[in-house]
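Have a look at protein_17.txt below; it lists compact mmCIF, C-alpha atoms.
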```txt
# COMPACT_ATOMS: atom_id res chain seq x y z
CA MET A 1 52.92 15.65 12.72
CA SER A 2 56.66 15.89 13.37
CA ASP A 3 56.33 19.68 13.68
CA VAL A 4 53.50 19.25 16.20
CA ALA A 5 55.55 16.72 18.19
CA ARG A 6 58.51 19.11 18.39
CA ALA A 7 56.33 22.07 19.37
CA ALA A 8 54.59 20.07 22.10
CA GLY A 9 57.75 18.28 23.29
CA VAL A 10 56.29 14.81 22.82
CA ALA A 11 56.96 11.73 20.71
CA LEU A 12 55.45 11.33 17.24
CA GLY A 13 53.40 8.38 18.51
CA THR A 14 51.80 10.63 21.13
CA VAL A 15 50.59 12.98 18.40
CA SER A 16 49.17 10.01 16.56
CA ASN A 17 47.31 8.91 19.69
CA VAL A 18 45.91 12.42 20.20
CA LEU A 19 44.52 12.35 16.65
CA ASN A 20 43.26 8.77 16.65
CA HIS A 21 42.97 7.53 20.25
CA PRO A 22 42.74 10.59 22.56
CA ASP A 23 41.41 8.42 25.40
CA LYS A 24 44.90 6.90 25.70
CA VAL A 25 46.58 10.27 26.35
CA ALA A 26 46.92 11.97 29.75
CA PRO A 27 44.76 15.15 29.98
CA ALA A 28 47.73 17.52 30.41
CA THR A 29 49.57 16.00 27.43
CA LEU A 30 46.40 16.04 25.35
CA GLU A 31 45.91 19.73 26.05
CA ARG A 32 49.56 20.51 25.18
CA VAL A 33 49.42 18.65 21.85
CA GLN A 34 46.07 20.18 20.91
CA GLY A 35 47.50 23.60 21.66
CA ALA A 36 50.45 22.92 19.32
CA ILE A 37 48.04 21.72 16.61
CA GLU A 38 46.02 24.92 16.88
CA GLN A 39 49.13 27.13 16.98
CA LEU A 40 50.65 25.54 13.88
CA GLY A 41 47.37 25.28 11.97
CA PHE A 42 47.93 21.57 11.41
CA VAL A 43 45.21 19.71 9.42
CA ARG A 44 45.54 15.98 8.97
CA ASN A 45 45.74 14.64 5.40
CA THR A 46 42.76 12.30 5.42
CA ASN A 47 43.43 11.14 1.85
CA ALA A 48 46.90 9.97 2.80
CA GLN A 49 45.57 8.39 5.97
CA GLN A 50 42.88 6.46 4.07
CA LEU A 51 45.31 5.33 1.38
CA ALA A 52 47.69 4.09 4.05
CA ALA A 53 44.84 2.17 5.69
CA GLY A 54 43.97 0.60 2.32
CA ARG A 55 40.37 1.87 2.21
CA SER A 56 38.79 5.25 1.61
CA ARG A 57 36.06 6.43 3.98
CA SER A 58 34.63 8.69 1.28
CA ILE A 59 32.01 7.92 -1.36
CA GLY A 60 31.40 9.98 -4.49
CA LEU A 61 27.85 10.90 -5.53
CA VAL A 62 27.22 12.31 -9.02
CA VAL A 63 23.72 13.67 -9.73
CA ILE A 64 22.46 15.12 -12.98
CA ASP A 65 20.46 18.08 -11.59
CA ILE A 66 20.66 19.34 -8.02
CA SER A 67 17.77 21.76 -8.66
CA ASN A 68 15.40 18.77 -8.59
CA SER A 69 14.63 17.84 -5.00
CA LEU A 70 14.67 14.12 -5.88
CA PHE A 71 18.45 14.33 -6.18
CA VAL A 72 18.69 16.40 -3.00
CA ASP A 73 16.78 13.65 -1.19
CA ILE A 74 19.07 11.01 -2.69
CA ALA A 75 22.05 12.91 -1.32
CA ARG A 76 20.43 13.25 2.11
CA GLY A 77 19.60 9.57 2.27
CA ALA A 78 23.12 8.55 1.37
CA GLN A 79 24.71 11.11 3.70
CA ARG A 80 22.60 10.12 6.70
CA TYR A 81 23.49 6.47 6.29
CA ALA A 82 27.15 7.33 5.73
CA SER A 83 27.20 9.38 8.94
CA GLU A 84 25.94 6.39 10.89
CA LEU A 85 28.97 4.47 9.60
CA GLY A 86 31.55 7.21 10.12
CA MET A 87 31.87 7.83 6.37
CA ASN A 88 31.52 10.85 4.11
CA VAL A 89 29.61 11.47 0.86
CA LEU A 90 31.13 13.95 -1.59
CA MET A 91 28.63 15.25 -4.16
CA ALA A 92 29.00 16.66 -7.67
CA ASN A 93 26.21 18.22 -9.76
CA SER A 94 26.51 17.59 -13.50
CA ASP A 95 23.99 20.32 -14.37
CA ASN A 96 22.24 18.23 -17.06
CA ARG A 97 25.45 17.89 -19.09
CA ALA A 98 26.87 14.54 -20.15
CA ASP A 99 30.40 15.96 -20.51
CA GLN A 100 30.30 17.37 -16.97
CA GLN A 101 28.98 14.06 -15.65
CA ARG A 102 31.93 12.28 -17.26
CA ALA A 103 34.35 14.81 -15.75
CA ASP A 104 32.77 14.34 -12.30
CA LEU A 105 33.15 10.57 -12.53
CA ASP A 106 36.78 10.95 -13.57
CA PHE A 107 37.43 13.34 -10.69
CA PHE A 108 36.10 10.90 -8.09
CA ASP A 109 37.97 8.07 -9.78
CA GLY A 110 41.21 10.05 -9.53
CA ALA A 111 40.46 10.98 -5.91
CA ARG A 112 40.39 7.23 -5.11
CA VAL A 113 37.01 7.31 -3.38
CA GLY A 114 35.79 3.98 -2.07
CA GLY A 115 33.00 3.82 -4.65
CA ILE A 116 30.58 5.98 -6.66
CA LEU A 117 26.82 6.50 -6.66
CA LEU A 118 25.60 7.81 -10.02
CA ALA A 119 22.14 9.30 -10.68
CA PRO A 120 22.05 10.09 -14.43
CA MET A 121 19.18 11.12 -16.72
CA GLU A 122 20.39 9.25 -19.79
CA ASP A 123 22.40 6.08 -20.38
CA ALA A 124 25.89 6.34 -18.89
CA GLY A 125 26.73 2.65 -19.31
CA GLU A 126 30.03 3.23 -21.10
CA ASP A 127 31.27 5.62 -18.42
CA VAL A 128 30.21 3.24 -15.65
CA ALA A 129 31.98 0.31 -17.33
CA ARG A 130 35.15 2.38 -17.76
CA ILE A 131 35.20 3.49 -14.11
CA ARG A 132 34.54 -0.04 -12.92
CA THR A 133 37.56 -1.38 -14.86
CA HIS A 134 39.65 0.88 -12.62
CA GLY A 135 38.42 -1.01 -9.58
CA ARG A 136 35.89 1.66 -8.61
CA PRO A 137 32.55 0.03 -7.65
CA THR A 138 29.59 2.03 -8.99
CA VAL A 139 25.86 1.83 -8.23
CA VAL A 140 23.39 3.52 -10.60
CA LEU A 141 20.34 5.29 -9.16
CA ASN A 142 17.04 6.22 -10.83
CA PHE A 143 18.01 4.90 -14.27
CA ASP A 144 17.69 1.36 -15.57
CA THR A 145 20.86 0.66 -17.53
CA GLY A 146 19.57 -2.66 -18.82
CA ARG A 147 22.99 -4.09 -17.94
CA ASN A 148 23.97 -6.71 -15.40
CA ASP A 149 27.43 -5.38 -14.53
CA CYS A 150 26.39 -3.04 -11.70
CA CYS A 151 23.83 -2.73 -8.92
CA GLN A 152 20.88 -0.39 -9.38
CA VAL A 153 18.21 1.30 -7.25
CA LEU A 154 15.14 2.37 -9.21
CA VAL A 155 11.72 3.89 -8.68
CA ASP A 156 8.97 2.18 -10.65
CA ASN A 157 8.38 5.06 -13.08
CA GLU A 158 5.68 3.20 -14.98
CA GLU A 159 3.83 2.93 -11.70
CA VAL A 160 4.31 6.70 -11.23
CA GLY A 161 2.36 7.38 -14.42
CA TYR A 162 -0.23 4.74 -13.59
CA LEU A 163 -0.87 6.17 -10.11
CA ALA A 164 -1.25 9.68 -11.56
CA ALA A 165 -3.79 8.66 -14.20
CA ARG A 166 -5.63 6.32 -11.85
CA HIS A 167 -6.00 9.14 -9.32
CA LEU A 168 -7.63 11.47 -11.85
CA ILE A 169 -9.89 8.74 -13.26
CA ASP A 170 -11.00 7.66 -9.79
CA ASN A 171 -11.93 11.27 -9.09
CA GLY A 172 -14.22 11.43 -12.11
CA ARG A 173 -11.89 12.92 -14.72
CA THR A 174 -12.43 11.24 -18.08
CA ARG A 175 -10.83 13.60 -20.64
CA LEU A 176 -7.12 13.57 -19.88
CA ALA A 177 -3.94 15.06 -21.30
CA PHE A 178 -0.39 13.85 -20.70
CA VAL A 179 2.15 16.68 -21.03
CA GLY A 180 5.68 15.37 -21.33
CA GLY A 181 9.04 15.62 -23.00
CA ARG A 182 10.61 13.20 -25.43
CA ASP A 183 10.77 9.46 -24.84
CA TYR A 184 14.57 9.30 -25.10
CA LEU A 185 14.39 10.34 -21.43
CA GLN A 186 13.65 7.06 -19.68
CA PRO A 187 11.39 8.43 -16.90
CA VAL A 188 9.23 10.19 -19.50
CA ALA A 189 8.76 7.04 -21.57
CA LEU A 190 7.94 4.89 -18.54
CA ARG A 191 5.50 7.38 -17.00
CA ARG A 192 3.75 7.73 -20.37
CA ARG A 193 3.41 3.94 -20.51
CA GLY A 194 1.83 3.90 -17.05
CA VAL A 195 -0.67 6.61 -17.99
CA ARG A 196 -1.66 4.71 -21.13
CA ARG A 197 -2.13 1.51 -19.12
CA ALA A 198 -4.52 3.20 -16.68
CA VAL A 199 -6.52 4.74 -19.54
CA ALA A 200 -6.67 1.42 -21.43
CA GLU A 201 -8.22 -0.24 -18.36
CA GLU A 202 -11.28 1.97 -18.85
CA GLY A 203 -12.18 0.39 -22.18
CA GLY A 204 -12.73 3.62 -24.09
CA ARG A 205 -14.58 5.49 -21.33
CA VAL A 206 -11.55 7.77 -20.80
CA THR A 207 -9.81 9.72 -23.58
CA LEU A 208 -6.15 10.72 -23.62
CA GLN A 209 -4.33 13.34 -25.67
CA GLU A 210 -0.55 13.55 -25.51
CA VAL A 211 1.17 16.91 -25.64
CA PRO A 212 4.94 16.85 -26.30
CA THR A 213 7.34 19.45 -24.92
CA GLU A 214 10.91 20.25 -25.89
CA ASN A 215 12.06 20.26 -22.27
CA LEU A 216 10.84 19.49 -18.77
CA ASP A 217 11.16 23.01 -17.36
CA PRO A 218 8.52 25.74 -16.86
CA PRO A 219 8.87 27.30 -20.36
CA GLY A 220 7.72 24.02 -21.88
CA GLY A 221 4.72 23.98 -19.55
CA LEU A 222 3.78 27.56 -20.41
CA ARG A 223 3.71 26.78 -24.14
CA ALA A 224 1.79 23.52 -23.66
CA ALA A 225 -0.84 25.16 -21.45
CA GLU A 226 -1.64 27.84 -24.01
CA GLY A 227 -2.74 25.11 -26.38
CA LEU A 228 -4.92 23.45 -23.74
CA VAL A 229 -6.96 26.41 -22.50
CA GLU A 230 -9.50 26.19 -25.29
CA ASP A 231 -9.88 22.43 -24.80
CA VAL A 232 -10.88 23.04 -21.19
CA ARG A 233 -13.35 25.78 -22.14
CA ARG A 234 -14.99 23.54 -24.75
CA GLY A 235 -15.30 20.58 -22.38
CA ARG A 236 -12.70 18.45 -24.16
CA LEU A 237 -10.30 18.34 -21.21
CA ASP A 238 -10.81 17.95 -17.47
CA GLY A 239 -7.53 16.45 -16.23
CA VAL A 240 -3.83 17.11 -16.93
CA ILE A 241 -0.89 14.90 -15.95
CA ALA A 242 2.44 16.68 -16.34
CA VAL A 243 5.48 14.43 -16.42
CA THR A 244 7.29 16.79 -14.00
CA ASP A 245 6.06 19.10 -11.27
CA LEU A 246 7.77 22.10 -12.87
CA LEU A 247 5.69 21.57 -16.02
CA ALA A 248 2.55 21.23 -13.90
CA MET A 249 3.29 24.43 -11.97
CA ALA A 250 3.66 26.38 -15.22
CA ILE A 251 0.43 24.91 -16.62
CA ILE A 252 -1.50 25.99 -13.52
CA GLN A 253 0.00 29.48 -13.86
CA VAL A 254 -1.28 29.84 -17.44
CA PHE A 255 -4.70 28.41 -16.60
CA GLY A 256 -5.12 30.90 -13.78
CA ALA A 257 -4.11 33.83 -15.96
CA ARG A 258 -6.63 32.76 -18.63
CA GLY A 259 -9.54 32.34 -16.21
CA VAL A 260 -9.47 28.53 -16.03
CA GLU A 261 -10.04 27.37 -12.44
CA VAL A 262 -7.98 24.51 -10.98
CA PRO A 263 -9.31 22.03 -9.94
CA ARG A 264 -12.93 23.04 -10.61
CA ASP A 265 -12.57 23.24 -14.40
CA VAL A 266 -9.55 20.97 -14.77
CA ALA A 267 -7.43 18.96 -12.35
CA VAL A 268 -3.65 19.25 -12.77
CA MET A 269 -0.93 17.10 -11.24
CA GLY A 270 2.78 16.43 -11.53
CA CYS A 271 4.81 13.24 -11.28
CA ASP A 272 8.07 13.79 -9.37
CA HIS A 273 7.26 15.55 -6.06
CA ASN A 274 9.80 18.30 -6.73
CA SER A 275 9.83 20.81 -3.86
CA ALA A 276 10.99 23.50 -6.32
CA ALA A 277 7.39 23.50 -7.60
CA TRP A 278 5.74 23.93 -4.21
CA GLY A 279 5.70 27.72 -4.30
CA GLY A 280 2.57 28.13 -6.44
CA MET A 281 -0.78 29.45 -5.19
CA ILE A 282 -2.37 25.99 -5.57
CA PRO A 283 -0.54 23.12 -3.82
CA LEU A 284 0.27 20.43 -6.35
CA THR A 285 -0.78 16.78 -6.29
CA SER A 286 2.19 14.63 -7.25
CA VAL A 287 3.87 11.25 -6.81
CA GLN A 288 6.59 10.82 -4.21
CA MET A 289 9.76 9.24 -5.59
CA LYS A 290 11.39 7.89 -2.36
CA GLY A 291 14.69 9.75 -2.84
CA LEU A 292 15.80 9.28 0.78
CA ASP A 293 15.28 5.52 0.53
CA MET A 294 17.06 5.46 -2.84
CA GLY A 295 20.17 7.16 -1.46
CA ARG A 296 20.33 4.91 1.58
CA GLU A 297 19.75 1.70 -0.37
CA GLY A 298 22.26 2.74 -3.02
CA LEU A 299 24.97 3.25 -0.41
CA ARG A 300 24.09 -0.06 1.25
CA LEU A 301 24.53 -1.91 -2.04
CA LEU A 302 27.75 -0.06 -2.78
CA LEU A 303 29.30 -0.88 0.59
CA ALA A 304 28.26 -4.53 0.23
CA GLU A 305 30.10 -4.69 -3.09
CA ILE A 306 33.17 -2.97 -1.64
CA ASP A 307 33.30 -5.47 1.23
CA GLU A 308 32.71 -8.62 -0.83
CA ASP A 309 35.10 -10.63 -2.95
CA PRO A 310 34.51 -9.48 -6.55
CA ALA A 311 34.23 -13.11 -7.61
CA GLU A 312 31.45 -13.66 -5.08
CA HIS A 313 29.46 -10.45 -5.58
CA ARG A 314 26.13 -10.64 -7.40
CA HIS A 315 24.70 -7.43 -8.83
CA VAL A 316 21.08 -6.74 -7.88
CA THR A 317 18.39 -4.21 -8.74
CA THR A 318 16.18 -2.80 -5.99
CA MET A 319 12.82 -1.41 -7.14
CA LEU A 320 11.14 1.17 -4.89
CA ARG A 321 7.41 1.81 -5.11
CA PRO A 322 6.23 5.42 -5.46
CA GLU A 323 3.41 6.95 -3.39
CA LEU A 324 0.64 9.35 -4.40
CA VAL A 325 0.54 12.66 -2.49
CA VAL A 326 -2.87 14.30 -2.88
CA ARG A 327 -3.09 18.09 -2.72
CA GLU A 328 -5.39 20.89 -3.75
CA SER A 329 -4.67 20.91 -7.51
CA THR A 330 -6.78 17.78 -8.08
CA VAL A 331 -9.27 17.52 -5.20
CA GLY A 332 -9.69 21.02 -3.77
CA ARG A 333 -8.60 22.43 -0.46
CA GLU A 334 -10.95 20.44 1.77
CA ARG A 335 -9.68 17.01 0.71
CA ALA A 336 -6.00 17.86 0.26
CA THR A 337 -3.13 16.50 2.33
CA PRO A 338 -1.31 19.29 4.24
CA LEU A 339 1.93 20.36 2.54
CA ARG A 340 5.08 19.15 4.25
CA ASP A 341 8.57 18.09 3.15
```
Could you write out this file's structure as C-alpha cells?
Amino acid sequence: MSDVARAAGVALGTVSNVLNHPDKVAPATLERVQGAIEQLGFVRNTNAQQLAAGRSRSIGLVVIDISNSLFVDIARGAQRYASELGMNVLMANSDNRADQQRADLDFFDGARVGGILLAPMEDAGEDVARIRTHGRPTVVLNFDTGRNDCCQVLVDNEEVGYLAARHLIDNGRTRLAFVGGRDYLQPVALRRRGVRRAVAEEGGRVTLQEVPTENLDPPGGLRAAEGLVEDVRRGRLDGVIAVTDLLAMAIIQVFGARGVEVPRDVAVMGCDHNSAAWGGMIPLTSVQMKGLDMGREGLRLLLAEIDEDPAEHRHVTTMLRPELVVRESTVGRERATPLRD
C-alpha cells in the first residue's frame, strides 16, 4: 500500500479509502490510485486484513466426494448464502479418504477460517473435537455424530428408504430387492431400515431380498444385477431399490443388455438424486436429498455459533425431509416427472 501511495502521490490513508471506502475519494484521485494499483500489480492481503479486523470472512467446507451431486448442492447452498452476507466459502474434496479429510480440516484450521462445515461419510467425531478445541466452530452435515458438542444438519435417511419402498409398493410391486453396501456407512444402514419398515407394514404381502455390494459405485451395481436377472425372469422380483443412484444406473444397464425391460418387467429406483446418474437411457426415479437447503442451514448455524458467546450457545440438530422424484424407471414415460436439475 505504501508503494501504491508513493506511485500515485497520495497519502497511505487515501489508498486505504480507495480499497475500502471509494465513495469518499474524489473521482480524479480514485482514478490515479487505481492506475497505480494496476501498474504495480498490487493485490490486497485479505488474510492479513481479516486477522487485523479480528474475524475471518471465509468459511471452510470439507466434503467427502465432490463427484456426488449432493455435495455439489451443499456447496452451492452454502456459497449462495455466504454471497448474500459478503462472505466466501472455500471448499476441499476429501475424495473418500479419511486421511485426506483430516488434512483438509487441518489446512482450514491453519488458515484461520471463521468456521468449518464438514460433510463426511463416516464418523469424524475425534477430528471435529480436536478442531473445536482450537476455537474453530464446526457444523457437521449429512452425518449424525451422535454427539452433543456440535450442530448438525441431516436428511432423514430412514425416510429416504421408506419413501422408496412405499413408492414401489403403492405402484403394485410386491417382490422387492434392496441393493446396498455395508451398514458401517450410516446412510446405507438408515435407508435399509426405512425399506424394511415399509415392507413390514404390508404384513407379509410384500417380500424383500437384500443384496450386499462391496461399494456404492457402478461396478457393484453391475455385479449385483447379474444375480438378479434370473429372479426377474422367473417372477421372483418386480422392484429394485438401489441405495445410490449410481448403483441403480448400473443395474438398469445390465437389465437392458440381458433383455429385461424397465419398468415393464421390473421397476428400478435410486435413493440419492445424484445427477451423475442422469445420463442413462431411462430417467431414474430417486429421492431428493435437499443439498441446497443443507448447505444454507449449515452455514446459518455456523454463523450463529460464531456470533454467540460460547457459554450461551446451544448445539442443535436440524432434520430435513427428503422428497420423492418420480421418473420413467418406475412408472413409465407417460407418468414420469420431466427431468430437471
**Prompt:** Which value, in Å to one decimal, gives the distance between CA of His315 in chain A and CA of Leu61 in chain A?
**Reply:** 18.9 Å
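Taking CA of Gln152 in chain A and CA of Ala198 in chain A as the two end points, the separation is 26.7 Å.
Using all atoms listed in the file, the nearest neighbour of Asn148 in chain A within the list A:Arg321, A:Arg335, A:Arg314, A:Arg236 is A:Arg314.
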**Request:** Would you list the contacts of Arg130 in chain A as a list in words, taking every protein, DNA or RNA residue within 12 Å and counting only C-alpha atoms, but skipping same-chain residues closer than 4 positions in sequence?
**Result:** Arg102, Leu105, Asp106, Asp109, Ala124, Gly125, Glu126, His134, Gly135, Arg136, Pro137, Thr138, Asp149 and Cys150 of chain A
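Of the residues under consideration (A:Ala78, A:Gly203, A:Val72, A:Ile64), A:Ile64 shows the shortest atom-to-atom contact distance to Ala98 in chain A when counting only C-alpha atoms.
Take CA of Trp278 in chain A and CA of Met294 in chain A: the distance between them is 21.7 Å.
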**Request:** Would you be able to write out as a PyMOL selection string which residues have an atom within 6 Å of (6.4, 13.2, -5.7) in the file's coordinates, counting all atoms listed in the file?
**Result:** chain A and resi 271-273+286-289
Taking the structure in the block just given, could you write range 59-95 of chain A with N, CA and C atoms, as an mmCIF file, in the first residue's frame?
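Heads up, here's the output in part.cif:
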```
data_model
loop_
_atom_site.group_PDB
_atom_site.id
_atom_site.type_symbol
_atom_site.label_atom_id
_atom_site.label_comp_id
_atom_site.auth_asym_id
_atom_site.auth_seq_id
_atom_site.Cartn_x
_atom_site.Cartn_y
_atom_site.Cartn_z
ATOM 1 N N ILE A 59 -15.217 -19.179 5.146
ATOM 2 C CA ILE A 59 -15.656 -20.409 5.794
ATOM 3 C C ILE A 59 -15.088 -21.586 5.011
ATOM 4 N N GLY A 60 -14.598 -22.599 5.713
ATOM 5 C CA GLY A 60 -14.112 -23.799 5.055
ATOM 6 C C GLY A 60 -15.221 -24.835 4.939
ATOM 7 N N LEU A 61 -15.288 -25.504 3.790
ATOM 8 C CA LEU A 61 -16.243 -26.594 3.575
ATOM 9 C C LEU A 61 -15.459 -27.822 3.124
ATOM 10 N N VAL A 62 -15.563 -28.911 3.874
ATOM 11 C CA VAL A 62 -14.886 -30.162 3.532
ATOM 12 C C VAL A 62 -15.954 -31.197 3.211
ATOM 13 N N VAL A 63 -15.932 -31.717 1.961
ATOM 14 C CA VAL A 63 -16.890 -32.748 1.551
ATOM 15 C C VAL A 63 -16.129 -34.018 1.210
ATOM 16 N N ILE A 64 -16.796 -35.151 1.357
ATOM 17 C CA ILE A 64 -16.120 -36.423 1.183
ATOM 18 C C ILE A 64 -15.999 -36.825 -0.281
ATOM 19 N N ASP A 65 -16.928 -36.360 -1.149
ATOM 20 C CA ASP A 65 -16.914 -36.844 -2.536
ATOM 21 C C ASP A 65 -17.621 -35.853 -3.442
ATOM 22 N N ILE A 66 -16.859 -35.034 -4.129
ATOM 23 C CA ILE A 66 -17.437 -33.988 -4.974
ATOM 24 C C ILE A 66 -18.080 -34.562 -6.229
ATOM 25 N N SER A 67 -17.846 -35.849 -6.541
ATOM 26 C CA SER A 67 -18.492 -36.443 -7.709
ATOM 27 C C SER A 67 -19.973 -36.708 -7.463
ATOM 28 N N ASN A 68 -20.398 -36.715 -6.209
ATOM 29 C CA ASN A 68 -21.805 -36.897 -5.875
ATOM 30 C C ASN A 68 -22.467 -35.520 -5.827
ATOM 31 N N SER A 69 -23.528 -35.353 -6.598
ATOM 32 C CA SER A 69 -24.123 -34.016 -6.721
ATOM 33 C C SER A 69 -24.740 -33.524 -5.415
ATOM 34 N N LEU A 70 -24.990 -34.421 -4.439
ATOM 35 C CA LEU A 70 -25.460 -33.946 -3.138
ATOM 36 C C LEU A 70 -24.466 -32.960 -2.554
ATOM 37 N N PHE A 71 -23.182 -33.286 -2.633
ATOM 38 C CA PHE A 71 -22.166 -32.430 -2.039
ATOM 39 C C PHE A 71 -21.951 -31.164 -2.874
ATOM 40 N N VAL A 72 -22.179 -31.255 -4.178
ATOM 41 C CA VAL A 72 -22.152 -30.048 -5.016
ATOM 42 C C VAL A 72 -23.280 -29.107 -4.596
ATOM 43 N N ASP A 73 -24.461 -29.681 -4.364
ATOM 44 C CA ASP A 73 -25.600 -28.856 -3.929
ATOM 45 C C ASP A 73 -25.354 -28.245 -2.557
ATOM 46 N N ILE A 74 -24.732 -29.011 -1.655
ATOM 47 C CA ILE A 74 -24.391 -28.454 -0.343
ATOM 48 C C ILE A 74 -23.491 -27.238 -0.509
ATOM 49 N N ALA A 75 -22.487 -27.368 -1.375
ATOM 50 C CA ALA A 75 -21.569 -26.254 -1.618
ATOM 51 C C ALA A 75 -22.302 -25.053 -2.206
ATOM 52 N N ARG A 76 -23.193 -25.301 -3.146
ATOM 53 C CA ARG A 76 -23.951 -24.201 -3.752
ATOM 54 C C ARG A 76 -24.827 -23.502 -2.729
ATOM 55 N N GLY A 77 -25.499 -24.285 -1.899
ATOM 56 C CA GLY A 77 -26.360 -23.676 -0.888
ATOM 57 C C GLY A 77 -25.586 -22.807 0.075
ATOM 58 N N ALA A 78 -24.436 -23.305 0.519
ATOM 59 C CA ALA A 78 -23.612 -22.525 1.441
ATOM 60 C C ALA A 78 -23.053 -21.284 0.755
ATOM 61 N N GLN A 79 -22.583 -21.443 -0.492
ATOM 62 C CA GLN A 79 -21.976 -20.318 -1.207
ATOM 63 C C GLN A 79 -22.985 -19.210 -1.489
ATOM 64 N N ARG A 80 -24.191 -19.602 -1.881
ATOM 65 C CA ARG A 80 -25.209 -18.589 -2.181
ATOM 66 C C ARG A 80 -25.556 -17.768 -0.944
ATOM 67 N N TYR A 81 -25.682 -18.448 0.180
ATOM 68 C CA TYR A 81 -25.986 -17.725 1.420
ATOM 69 C C TYR A 81 -24.804 -16.856 1.827
ATOM 70 N N ALA A 82 -23.588 -17.388 1.673
ATOM 71 C CA ALA A 82 -22.400 -16.610 2.020
ATOM 72 C C ALA A 82 -22.306 -15.345 1.169
ATOM 73 N N SER A 83 -22.637 -15.476 -0.121
ATOM 74 C CA SER A 83 -22.568 -14.308 -1.009
ATOM 75 C C SER A 83 -23.516 -13.210 -0.565
ATOM 76 N N GLU A 84 -24.683 -13.605 -0.063
ATOM 77 C CA GLU A 84 -25.640 -12.617 0.433
ATOM 78 C C GLU A 84 -25.067 -11.828 1.604
ATOM 79 N N LEU A 85 -24.139 -12.457 2.335
ATOM 80 C CA LEU A 85 -23.575 -11.842 3.537
ATOM 81 C C LEU A 85 -22.193 -11.243 3.300
ATOM 82 N N GLY A 86 -21.729 -11.263 2.047
ATOM 83 C CA GLY A 86 -20.402 -10.730 1.750
ATOM 84 C C GLY A 86 -19.285 -11.629 2.253
ATOM 85 N N MET A 87 -19.537 -12.945 2.305
ATOM 86 C CA MET A 87 -18.539 -13.892 2.784
ATOM 87 C C MET A 87 -18.146 -14.849 1.665
ATOM 88 N N ASN A 88 -17.147 -15.669 1.931
ATOM 89 C CA ASN A 88 -16.661 -16.632 0.950
ATOM 90 C C ASN A 88 -16.664 -18.032 1.547
ATOM 91 N N VAL A 89 -16.909 -19.040 0.706
ATOM 92 C CA VAL A 89 -16.797 -20.440 1.105
ATOM 93 C C VAL A 89 -15.660 -21.067 0.301
ATOM 94 N N LEU A 90 -14.694 -21.636 1.008
ATOM 95 C CA LEU A 90 -13.563 -22.317 0.392
ATOM 96 C C LEU A 90 -13.782 -23.820 0.550
ATOM 97 N N MET A 91 -13.743 -24.577 -0.555
ATOM 98 C CA MET A 91 -14.120 -25.981 -0.495
ATOM 99 C C MET A 91 -12.929 -26.896 -0.726
ATOM 100 N N ALA A 92 -12.929 -28.031 -0.020
ATOM 101 C CA ALA A 92 -11.944 -29.089 -0.218
ATOM 102 C C ALA A 92 -12.672 -30.410 -0.398
ATOM 103 N N ASN A 93 -12.213 -31.226 -1.341
ATOM 104 C CA ASN A 93 -12.786 -32.542 -1.609
ATOM 105 C C ASN A 93 -11.851 -33.611 -1.062
ATOM 106 N N SER A 94 -12.349 -34.427 -0.131
ATOM 107 C CA SER A 94 -11.500 -35.433 0.504
ATOM 108 C C SER A 94 -11.401 -36.729 -0.283
ATOM 109 N N ASP A 95 -12.166 -36.851 -1.368
ATOM 110 C CA ASP A 95 -12.024 -37.973 -2.303
ATOM 111 C C ASP A 95 -12.180 -39.327 -1.603
#
```
